[in-house]
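What follows is the content of work14.cif (mmCIF, C-alpha atoms).
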```
data_my_file
#
loop_
_atom_site.label_atom_id
_atom_site.label_comp_id
_atom_site.auth_asym_id
_atom_site.auth_seq_id
_atom_site.Cartn_x
_atom_site.Cartn_y
_atom_site.Cartn_z
CA MET A 1 78.88 113.39 136.00
CA PHE A 2 82.59 114.25 136.42
CA GLY A 3 84.42 111.06 137.27
CA GLY A 4 83.56 107.58 138.35
CA GLY A 5 84.37 104.28 136.69
CA THR A 6 87.36 103.71 134.45
CA ALA A 7 86.21 105.63 131.36
CA LEU A 8 87.11 109.13 130.24
CA ASP A 9 84.24 111.33 131.42
CA THR A 10 82.49 113.19 128.60
CA SER A 11 81.10 115.79 131.03
CA TYR A 12 84.20 117.95 130.59
CA CYS A 13 83.16 118.51 126.97
CA ARG A 14 80.34 120.72 128.20
CA PHE A 15 82.84 123.50 128.98
CA ASN A 16 83.02 123.93 125.19
CA PRO A 17 86.16 126.12 124.94
CA PRO A 18 86.75 128.24 121.80
CA ARG A 19 89.57 126.05 120.48
CA GLN A 20 89.81 122.37 119.60
CA THR A 21 92.91 120.36 118.72
CA VAL A 22 93.28 117.83 115.92
CA VAL A 23 96.35 115.57 115.85
CA TYR A 24 97.23 114.20 112.41
CA VAL A 25 99.63 111.26 112.06
CA ASP A 26 101.13 110.50 108.65
CA ASP A 27 101.05 106.70 108.67
CA THR A 28 103.87 106.43 106.12
CA ASP A 29 106.29 107.97 108.64
CA VAL A 30 105.72 105.62 111.58
CA VAL A 31 109.00 103.86 112.41
CA ARG A 32 109.04 100.63 114.38
CA ASN A 33 110.32 101.06 117.97
CA ASN A 34 110.45 104.86 117.62
CA VAL A 35 107.86 106.44 119.92
CA GLU A 36 109.76 109.47 121.24
CA TRP A 37 107.65 111.76 119.07
CA VAL A 38 104.52 110.37 120.75
CA LYS A 39 105.89 111.15 124.22
CA THR A 40 106.79 114.68 123.08
CA LEU A 41 103.33 115.17 121.61
CA LEU A 42 101.44 113.93 124.68
CA ALA A 43 103.54 116.08 127.02
CA LYS A 44 102.85 119.13 124.84
CA LEU A 45 99.11 118.44 124.89
CA GLN A 46 99.10 118.14 128.68
CA GLN A 47 100.90 121.49 128.94
CA THR A 48 98.71 123.45 126.52
CA LEU A 49 95.14 122.10 126.37
CA MET A 50 92.28 124.23 127.67
CA PRO A 51 89.85 122.71 130.19
CA GLY A 52 87.36 120.64 128.20
CA GLU A 53 89.24 121.12 124.92
CA ARG A 54 88.24 118.49 122.40
CA THR A 55 91.21 116.56 121.06
CA THR A 56 90.91 114.30 118.02
CA VAL A 57 93.41 111.84 116.54
CA VAL A 58 93.24 111.40 112.75
CA GLN A 59 95.25 108.92 110.71
CA LEU A 60 96.49 110.35 107.42
CA SER A 61 97.21 107.84 104.65
CA PRO A 62 99.05 109.85 101.96
CA ALA A 63 99.71 106.73 99.90
CA HIS A 64 95.97 106.66 99.21
CA GLY A 65 95.10 110.34 99.79
CA GLN A 66 92.75 109.44 102.63
CA SER A 67 92.14 110.18 106.31
CA LYS A 68 90.39 108.37 109.16
CA GLU A 69 89.34 109.62 112.58
CA ILE A 70 90.60 107.22 115.25
CA TRP A 71 89.57 108.81 118.56
CA SER A 72 88.17 111.96 120.14
CA GLY A 73 87.92 113.10 123.76
CA CYS A 74 87.94 116.23 125.94
CA TRP A 75 90.79 117.23 128.28
CA PRO A 76 89.75 116.81 131.93
CA ASN A 77 90.61 120.05 133.66
CA VAL A 78 88.85 123.11 135.05
CA THR A 79 89.56 126.81 135.30
CA THR A 80 89.68 128.54 138.69
CA ASP A 81 86.15 129.87 138.19
CA GLN A 82 84.89 126.47 137.09
CA ALA A 83 86.52 124.86 140.14
CA LYS A 84 84.76 127.29 142.48
CA LYS A 85 81.42 126.63 140.80
CA LEU A 86 81.88 122.87 140.99
CA ALA A 87 82.87 123.09 144.66
CA SER A 88 79.67 124.99 145.44
CA GLU A 89 77.66 122.34 143.61
CA SER A 90 79.45 119.32 145.09
CA HIS A 91 76.34 118.32 147.07
CA PHE A 92 74.77 117.33 143.73
CA PHE A 93 77.45 114.70 143.15
CA SER A 94 78.24 111.42 144.87
CA GLY A 95 81.72 112.80 145.58
CA ASN A 96 83.85 115.88 145.00
CA PRO A 97 84.34 116.11 141.19
CA MET A 98 87.78 117.66 141.76
CA ASP A 99 89.01 114.47 143.44
CA SER A 100 88.85 112.49 140.19
CA LEU A 101 90.60 115.10 138.03
CA LYS A 102 94.07 113.53 138.08
CA GLU A 103 92.61 110.08 137.48
CA GLN A 104 90.58 111.40 134.55
CA GLN A 105 93.67 112.99 133.02
CA GLY A 106 95.27 109.57 133.23
CA PHE A 107 92.32 108.11 131.31
CA PHE A 108 92.75 110.81 128.65
CA SER A 109 96.44 109.94 128.24
CA ARG A 110 95.59 106.23 128.14
CA ASP A 111 92.95 106.68 125.42
CA PHE A 112 95.18 109.01 123.41
CA GLY A 113 97.95 106.42 123.61
CA LYS A 114 95.58 103.68 122.45
CA ALA A 115 94.64 105.77 119.41
CA ILE A 116 98.28 106.29 118.43
CA THR A 117 98.95 102.59 119.06
CA THR A 118 96.16 101.71 116.63
CA ILE A 119 97.99 103.65 113.91
CA TYR A 120 101.35 102.21 114.97
CA ASN A 121 100.17 98.60 114.87
CA THR A 122 98.86 98.90 111.31
CA SER A 123 101.57 101.16 109.87
CA ALA A 124 104.95 100.81 111.62
CA ARG A 125 107.84 99.84 109.34
CA THR A 126 111.59 99.43 109.70
CA PRO A 127 113.75 102.58 109.45
CA ALA A 128 115.10 101.39 106.09
CA ASP A 129 111.58 101.01 104.70
CA VAL A 130 110.53 104.47 105.89
CA GLU A 131 113.62 106.28 104.57
CA ILE A 132 113.13 108.25 101.34
CA ASP A 133 115.67 108.43 98.55
CA PRO A 134 115.07 111.82 96.83
CA ALA A 135 116.05 110.25 93.50
CA LYS A 136 113.09 107.86 93.65
CA PRO A 137 110.59 109.07 96.25
CA PRO A 138 107.36 107.16 96.90
CA LYS A 139 104.02 108.57 95.83
CA LYS A 140 102.47 110.58 98.67
CA SER A 141 99.55 112.99 98.62
CA ILE A 142 99.45 114.72 101.98
CA VAL A 143 97.42 117.48 100.34
CA ARG A 144 94.61 115.09 99.37
CA SER A 145 94.70 113.40 102.78
CA LEU A 146 94.18 116.74 104.52
CA ALA A 147 91.54 117.77 101.99
CA SER A 148 89.60 114.58 102.73
CA ASP A 149 89.16 115.84 106.31
CA GLY A 150 88.02 119.27 105.12
CA ALA A 151 84.46 118.99 106.45
CA ARG A 152 85.86 119.38 109.95
CA TYR A 153 86.89 122.94 109.12
CA SER A 154 83.72 124.04 107.37
CA SER A 155 81.76 123.37 110.55
CA ALA A 156 84.38 124.41 113.08
CA ARG A 157 83.35 126.41 116.11
CA GLY A 158 85.99 128.94 117.11
CA SER A 159 89.37 127.76 115.85
CA ILE A 160 91.23 124.51 115.27
CA ARG A 161 94.81 123.91 116.32
CA ALA A 162 96.10 121.17 114.02
CA ILE A 163 99.25 119.28 115.01
CA LEU A 164 100.65 117.29 112.10
CA TYR A 165 103.40 114.67 112.39
CA SER A 166 104.77 114.19 108.86
CA ASP A 167 107.88 114.50 106.71
CA MET A 168 105.72 116.61 104.33
CA ALA A 169 107.32 114.84 101.35
CA GLU A 170 104.50 115.52 98.88
CA ASN A 171 104.96 113.62 95.62
CA SER A 172 101.73 113.44 93.65
CA GLU A 173 100.02 114.74 90.53
CA LEU A 174 99.19 117.86 92.57
CA GLY A 175 102.76 118.76 93.38
CA ASP A 176 106.25 117.45 94.11
CA VAL A 177 108.70 118.81 96.69
CA PHE A 178 111.55 116.97 94.94
CA VAL A 179 111.15 118.78 91.60
CA THR A 180 112.58 122.29 91.36
CA PRO A 181 111.82 125.05 90.94
CA ILE A 182 108.83 125.02 93.29
CA PRO A 183 105.94 127.04 91.75
CA ASN A 184 105.45 130.52 93.19
CA THR A 185 101.70 129.97 93.47
CA LEU A 186 99.58 126.90 94.11
CA ASP A 187 95.79 126.61 94.04
CA PHE A 188 94.94 123.47 96.00
CA GLY A 189 92.15 125.18 97.91
CA GLU A 190 90.29 126.03 94.71
CA LYS A 191 91.25 122.88 92.81
CA LEU A 192 90.16 120.48 95.57
CA GLY A 193 87.53 122.67 97.19
CA ALA A 194 89.56 122.29 100.38
CA LEU A 195 89.74 125.42 102.50
CA LEU A 196 90.83 124.57 106.03
CA HIS A 197 89.36 127.74 107.52
CA ARG A 198 89.92 128.89 111.10
CA SER A 199 93.01 126.80 111.66
CA VAL A 200 96.58 127.12 112.90
CA PHE A 201 98.87 124.24 111.89
CA TYR A 202 101.93 123.07 113.79
CA VAL A 203 103.93 120.61 111.68
CA PHE A 204 106.81 118.54 113.02
CA GLY A 205 108.92 115.71 111.67
CA VAL A 206 109.46 117.73 108.48
CA GLY A 207 112.07 116.10 106.24
CA ASN A 208 113.07 113.57 108.90
CA THR A 209 112.72 110.55 106.60
CA ILE A 210 114.52 112.10 103.63
CA LYS A 211 118.16 111.08 103.30
CA ASP A 212 119.73 114.13 101.67
CA ASP A 213 121.34 116.04 104.57
CA GLY A 214 118.57 118.64 104.54
CA LYS A 215 119.05 119.69 100.91
CA THR A 216 115.30 119.64 100.19
CA SER A 217 114.30 121.47 103.39
CA ASP A 218 113.99 124.89 101.73
CA ASP A 219 111.95 123.46 98.85
CA ILE A 220 109.64 121.64 101.27
CA ARG A 221 109.07 124.85 103.21
CA LYS A 222 108.42 126.91 100.06
CA PHE A 223 106.00 124.32 98.67
CA TRP A 224 103.96 124.14 101.88
CA ASN A 225 103.97 127.90 102.45
CA GLU A 226 102.21 128.24 99.10
CA ALA A 227 100.06 125.13 99.56
CA PHE A 228 98.82 126.11 103.00
CA GLN A 229 98.13 129.69 101.92
CA SER A 230 95.97 128.38 99.06
CA MET A 231 94.05 126.26 101.60
CA ALA A 232 93.50 129.19 104.02
CA VAL A 233 95.78 127.61 106.64
CA ASN A 234 97.76 129.65 109.16
CA ILE A 235 101.20 128.20 109.97
CA GLY A 236 102.10 128.33 113.66
CA GLY A 237 105.17 126.12 113.42
CA PHE A 238 106.91 124.09 110.71
CA GLY A 239 110.07 122.07 111.23
CA SER A 240 111.74 118.96 112.55
CA ASP A 241 110.70 119.67 116.15
CA LEU A 242 107.30 120.52 117.61
CA GLY A 243 107.36 124.29 118.14
CA ILE A 244 104.42 124.99 120.45
CA THR A 245 104.83 127.37 123.38
CA ASN A 246 103.86 125.97 126.78
CA ALA A 247 100.87 128.16 127.61
CA ILE A 248 97.26 127.40 128.49
CA PRO A 249 94.70 129.81 126.97
CA VAL A 250 92.09 131.28 129.31
CA HIS A 251 90.01 133.55 127.06
CA GLY A 252 89.00 133.36 123.42
CA ALA A 253 86.42 134.53 120.90
CA THR A 254 85.80 135.00 117.19
CA PHE A 255 85.14 138.48 115.78
CA GLU A 256 83.53 139.70 112.59
CA VAL A 257 85.93 142.18 111.02
CA THR A 258 85.49 145.07 108.58
CA LEU A 259 88.59 146.59 106.98
CA LYS A 260 88.21 149.84 105.05
CA GLU A 261 90.40 150.19 101.97
CA GLY A 262 89.49 153.45 100.28
CA ALA A 263 85.77 153.33 99.48
CA GLN A 264 85.64 149.55 99.90
CA ASP A 265 84.59 147.59 102.96
CA LEU A 266 86.44 144.27 103.13
CA HIS A 267 84.97 141.69 105.49
CA GLY A 268 86.48 138.78 107.36
CA HIS A 269 87.04 137.21 110.76
CA MET A 270 89.54 137.46 113.60
CA PHE A 271 90.16 134.91 116.34
CA LEU A 272 91.79 136.00 119.60
CA LEU A 273 93.01 133.53 122.21
CA THR A 274 94.99 134.73 125.22
CA ASP A 275 96.79 133.33 128.24
CA ARG A 276 96.38 134.77 131.73
CA ASP A 277 98.91 137.52 130.94
CA GLY A 278 97.11 138.61 127.78
CA GLN A 279 99.66 137.11 125.37
CA LEU A 280 98.06 135.98 122.11
CA ILE A 281 98.09 132.24 121.38
CA ASP A 282 97.08 130.64 118.06
CA SER A 283 95.39 133.91 117.04
CA TRP A 284 94.73 134.98 113.46
CA ILE A 285 92.94 137.42 111.19
CA GLY A 286 91.54 136.67 107.74
CA ILE A 287 90.03 138.97 105.12
CA THR A 288 87.91 137.15 102.55
CA ARG A 289 89.31 138.83 99.44
CA LEU A 290 92.89 138.88 100.71
CA ARG A 291 94.36 136.12 102.89
CA THR A 292 94.60 134.85 106.45
CA VAL A 293 97.61 135.40 108.73
CA VAL A 294 98.74 134.63 112.26
CA ILE A 295 98.87 137.57 114.67
CA ASN A 296 101.23 137.84 117.65
CA GLY A 297 101.11 140.34 120.46
CA ASN A 298 99.20 141.26 123.59
CA LEU A 299 95.64 142.03 124.64
CA HIS A 300 95.74 144.31 127.67
CA CYS A 301 92.53 144.75 129.65
CA ALA A 302 92.07 147.33 132.39
CA SER A 303 89.57 145.16 134.24
CA ASP A 304 89.38 141.39 133.67
CA THR A 305 88.16 141.18 130.03
CA SER A 306 86.75 144.70 129.60
CA GLN A 307 88.26 148.01 128.43
CA CYS A 308 90.81 146.10 126.37
CA SER A 309 93.43 147.24 123.88
CA LEU A 310 95.09 145.02 121.28
CA THR A 311 98.67 145.54 120.14
CA ALA A 312 99.79 142.94 117.62
CA ASN A 313 101.84 142.22 114.53
CA THR A 314 100.94 139.95 111.64
CA GLY A 315 103.19 136.96 111.00
CA SER A 316 103.15 137.83 107.29
CA PRO A 317 101.58 140.63 105.20
CA LEU A 318 97.79 140.78 105.08
CA VAL A 319 97.11 143.88 102.95
CA THR A 320 100.54 144.70 101.50
CA GLU A 321 103.01 142.83 99.31
CA GLY A 322 106.49 141.84 100.39
CA ARG A 323 107.80 140.39 103.61
CA ASN A 324 107.15 143.12 106.16
CA SER A 325 104.73 142.35 108.96
CA GLU A 326 101.90 144.76 109.65
CA THR A 327 100.81 146.36 112.90
CA LEU A 328 97.31 145.86 114.27
CA SER A 329 96.24 148.32 116.97
CA MET A 330 92.69 148.28 118.36
CA LYS A 331 90.78 149.54 121.40
CA GLN A 332 87.54 148.31 122.86
CA SER A 333 84.51 150.56 122.91
CA GLY A 334 82.10 150.06 125.80
CA SER A 335 82.62 148.43 129.17
CA ALA A 336 81.17 144.93 128.63
CA SER A 337 83.41 141.87 128.51
CA LEU A 338 85.25 141.78 125.19
CA PHE A 339 84.63 138.05 124.94
CA SER A 340 80.85 138.32 125.24
CA GLY A 341 78.69 138.69 122.14
CA GLY A 342 78.27 142.15 120.66
CA SER A 343 81.40 143.78 122.13
CA SER A 344 83.43 145.75 119.63
CA MET A 345 86.86 147.25 118.94
CA GLN A 346 88.13 149.89 116.52
CA GLY A 347 91.61 150.68 115.32
CA THR A 348 94.03 150.54 112.40
CA LEU A 349 96.04 148.04 110.39
CA GLY A 350 99.17 149.33 108.74
CA VAL A 351 102.91 149.33 108.19
CA PRO A 352 105.02 151.61 110.44
CA GLY A 353 106.79 154.31 108.47
CA SER A 354 104.55 153.97 105.43
CA SER A 355 101.30 155.50 104.18
CA VAL A 356 99.39 152.27 104.83
CA ASP A 357 97.10 152.87 107.81
CA LEU A 358 93.66 151.34 107.23
CA PRO A 359 90.68 151.66 109.60
CA ILE A 360 89.48 148.34 110.99
CA SER A 361 86.63 147.35 113.31
CA ALA A 362 85.73 144.07 115.00
CA THR A 363 82.59 142.79 116.73
CA THR A 364 82.44 139.68 118.89
CA MET A 365 80.33 136.93 117.32
CA THR A 366 77.54 135.55 119.46
CA ASP A 367 76.99 132.32 117.52
CA GLU A 368 79.87 130.39 115.96
#
```

Here is a file; write its structure as structure tokens.
Amino acid sequence: MFGGGTALDTSYCRFNPPRQTVVYVDDTDVVRNNVEWVKTLLAKLQQTLMPGERTTVVQLSPAHGQSKEIWSGCWPNVTTDQAKKLASESHFFSGNPMDSLKEQQGFFSRDFGKAITTIYNTSARTPADVEIDPAKPPKKSIVRSLASDGARYSSARGSIRAILYSDMAENSELGDVFVTPIPNTLDFGEKLGALLHRSVFYVFGVGNTIKDDGKTSDDIRKFWNEAFQSMAVNIGGFGSDLGITNAIPVHGATFEVTLKEGAQDLHGHMFLLTDRDGQLIDSWIGITRLRTVVINGNLHCASDTSQCSLTANTGSPLVTEGRNSETLSMKQSGSASLFSGGSSMQGTLGVPGSSVDLPISATTMTDE
């Protein structure tokens, strides 16, 4: 257990943190001798993965609407509490498990690099071959490729952070970012049976292969805002660069949520993930009959993870129409750890300065 040999140790997977990361690589966008995006991606993973967080590399093949898992492994690291526990148990091991941590992280980076290299070796093309002329774009179905990996989301524990490297140049029978106007509503989730529940997507490389001086960028964004919403996806970042904040989560849990709208009880889920300062990371709330949205803010706890209060704003409207974000304010009842099963919070969801102020309650789930 924990180290030894030259293989990535699977023992770190037993920490089983509440988030996992999936890295998608659009194989039609891989340019020969261009690997800067890989270096950026690996550095970001090293700066943001939780101890034991499972990381999976998936090759997307939009030309065929398919996907293929290439590699999966867990990030070798430990929290302060885990380190203390391992130190007290070191007599059970042939050596101190902490001594091999840096070496194991090197094995993780090596194996991740091998997975990306596998995609590179089978897909890399010259810059001229990768470039897209908007007047005659190639057929690409990124939607179908993602949908083909949908089973991952139906069985997800906690939440999935998906990092997608792609130009997002959808051009298929399902939709086309090069044809305007872009429809105001899309129904890919229902049409394909592809709901990517419990996910936050960070997309980078958007539009990078399209030679039109950014003229299609707004249409690409509008198309994917609608497409992702129809697939129950939360958007954490979407652009040319990878917009992930350098922060390592320390606490996380999924909650069952009940929102009262008049005489109706609307049910859903909320996922909270925080750093050591209580800042929310990759957190979201979803109501079954409405939609799912990212939430940003702070979870302040009087003592470790008990007696907590949540102050947050939605990234987009959850219960109202328009563009205004909504305010989510909740307080914990009871003194148990908020992240242990059965703990609960009560509060309101509404729009400041309006009559919208709906009661909401949340209970920590014990079994994902």

**Request:** Check what the PyMOL selection byres ((chain A and resi 208-220) around 12) selects in the file above and give those residues as a ChimeraX atom specification.
**Result:** /A:26,28-31,37,126-138,165-171,175-184,203-207,221-228,238-241

**Message:** Need to verify the contact set: Gly262 (chain A), 10 Å, all atoms listed in the file, exclusion of same-chain residues closer than 3 positions in sequence. Can you return it as a PyMOL selection string?
**Reply:** chain A and resi 259+265+358-359

**Message:** Would you compute the distance between CA of Ile116 (chain A) and CA of Val25 (chain A)? Give it in Å to one decimal.
**Reply:** 8.2 Å

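The residue that comes closest to Leu164 (chain A), out of A:Ile235, A:Asp111, A:Ile295, A:Pro18 and on the basis of only C-alpha atoms, is A:Ile235.
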
**Prompt:** Could you spell out the hits of the PyMOL selection byres ((chain A and resi 58-65) around 7) on the shown file, as a list in words?
**Reply:**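 Output from the PyMOL selection byres ((chain A and resi 58-65) around 7), applied to this file: Val23, Tyr24, Val25, Asp26, Asp27, Thr28, Thr56, Val57, Gln66, Ser67, Lys68, Glu69, Ile70, Ile119, Lys139, Lys140, Ser141, Ile142, Arg144 and Ser145 of chain A.
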
Find the residues around region 319-322 of chain A up to 12 Å (all atoms listed in the file counted), leave out those fewer than 6 positions away in its own chain, and share them as an mmCIF file with C-alpha atoms, keeping the file's coordinate frame.
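Result file result-v9.cif:
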```
data_model
loop_
_atom_site.group_PDB
_atom_site.id
_atom_site.type_symbol
_atom_site.label_atom_id
_atom_site.label_comp_id
_atom_site.auth_asym_id
_atom_site.auth_seq_id
_atom_site.Cartn_x
_atom_site.Cartn_y
_atom_site.Cartn_z
ATOM 1 C CA LEU A 259 88.590 146.590 106.980
ATOM 2 C CA LYS A 260 88.210 149.840 105.050
ATOM 3 C CA GLU A 261 90.400 150.190 101.970
ATOM 4 C CA LEU A 266 86.440 144.270 103.130
ATOM 5 C CA ILE A 285 92.940 137.420 111.190
ATOM 6 C CA GLY A 286 91.540 136.670 107.740
ATOM 7 C CA ILE A 287 90.030 138.970 105.120
ATOM 8 C CA THR A 288 87.910 137.150 102.550
ATOM 9 C CA ARG A 289 89.310 138.830 99.440
ATOM 10 C CA LEU A 290 92.890 138.880 100.710
ATOM 11 C CA ARG A 291 94.360 136.120 102.890
ATOM 12 C CA THR A 292 94.600 134.850 106.450
ATOM 13 C CA VAL A 293 97.610 135.400 108.730
ATOM 14 C CA LEU A 328 97.310 145.860 114.270
ATOM 15 C CA THR A 348 94.030 150.540 112.400
ATOM 16 C CA LEU A 349 96.040 148.040 110.390
ATOM 17 C CA GLY A 350 99.170 149.330 108.740
ATOM 18 C CA VAL A 351 102.910 149.330 108.190
ATOM 19 C CA SER A 354 104.550 153.970 105.430
ATOM 20 C CA SER A 355 101.300 155.500 104.180
ATOM 21 C CA VAL A 356 99.390 152.270 104.830
ATOM 22 C CA ASP A 357 97.100 152.870 107.810
ATOM 23 C CA LEU A 358 93.660 151.340 107.230
ATOM 24 C CA ILE A 360 89.480 148.340 110.990
#
```

Could you give me the centre and size, in Å to one decimal, of an axis-aligned box around all listed atoms of region 56-70 of chain A with 6 Å added on every side, as AutoDock Vina command-line options?
```
--center_x 94.5 --center_y 110.5 --center_z 108.6 --size_x 22.4 --size_y 19.6 --size_z 30.8
```

**Message:** Please expand the PyMOL selection byres ((chain A and resi 146-163) around 6) into the concrete residues it hits in this file, giving the result as a ChimeraX atom specification.
**Reply:** /A:18-23,143-145,164,194,196-203,368

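Taking CA of Gln46 (chain A) and CA of Phe112 (chain A) as endpoints, the distance between them is 11.2 Å.
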
**Prompt:** Please, what distance in Å, to one decimal, runs between CA of Ala247 (chain A) and CA of Thr40 (chain A)?
**Reply:**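 So the answer is 15.4 Å.
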
**Prompt:** Nearest to Cys308 (chain A): which of A:Ile244, A:Leu273, A:Met345, A:Val294 is it, counting only C-alpha atoms?
**Reply:**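 Ranked by minimum distance to Cys308 (chain A), first place goes to A:Met345.
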
**Message:** What's around region 274-276 of chain A at 8 Å? Count all atoms listed in the file, leave out sequence neighbours fewer than 3 positions away in its own chain, and write the answer as a PyMOL selection string.
**Reply:** chain A and resi 247-252+279-281+298-299
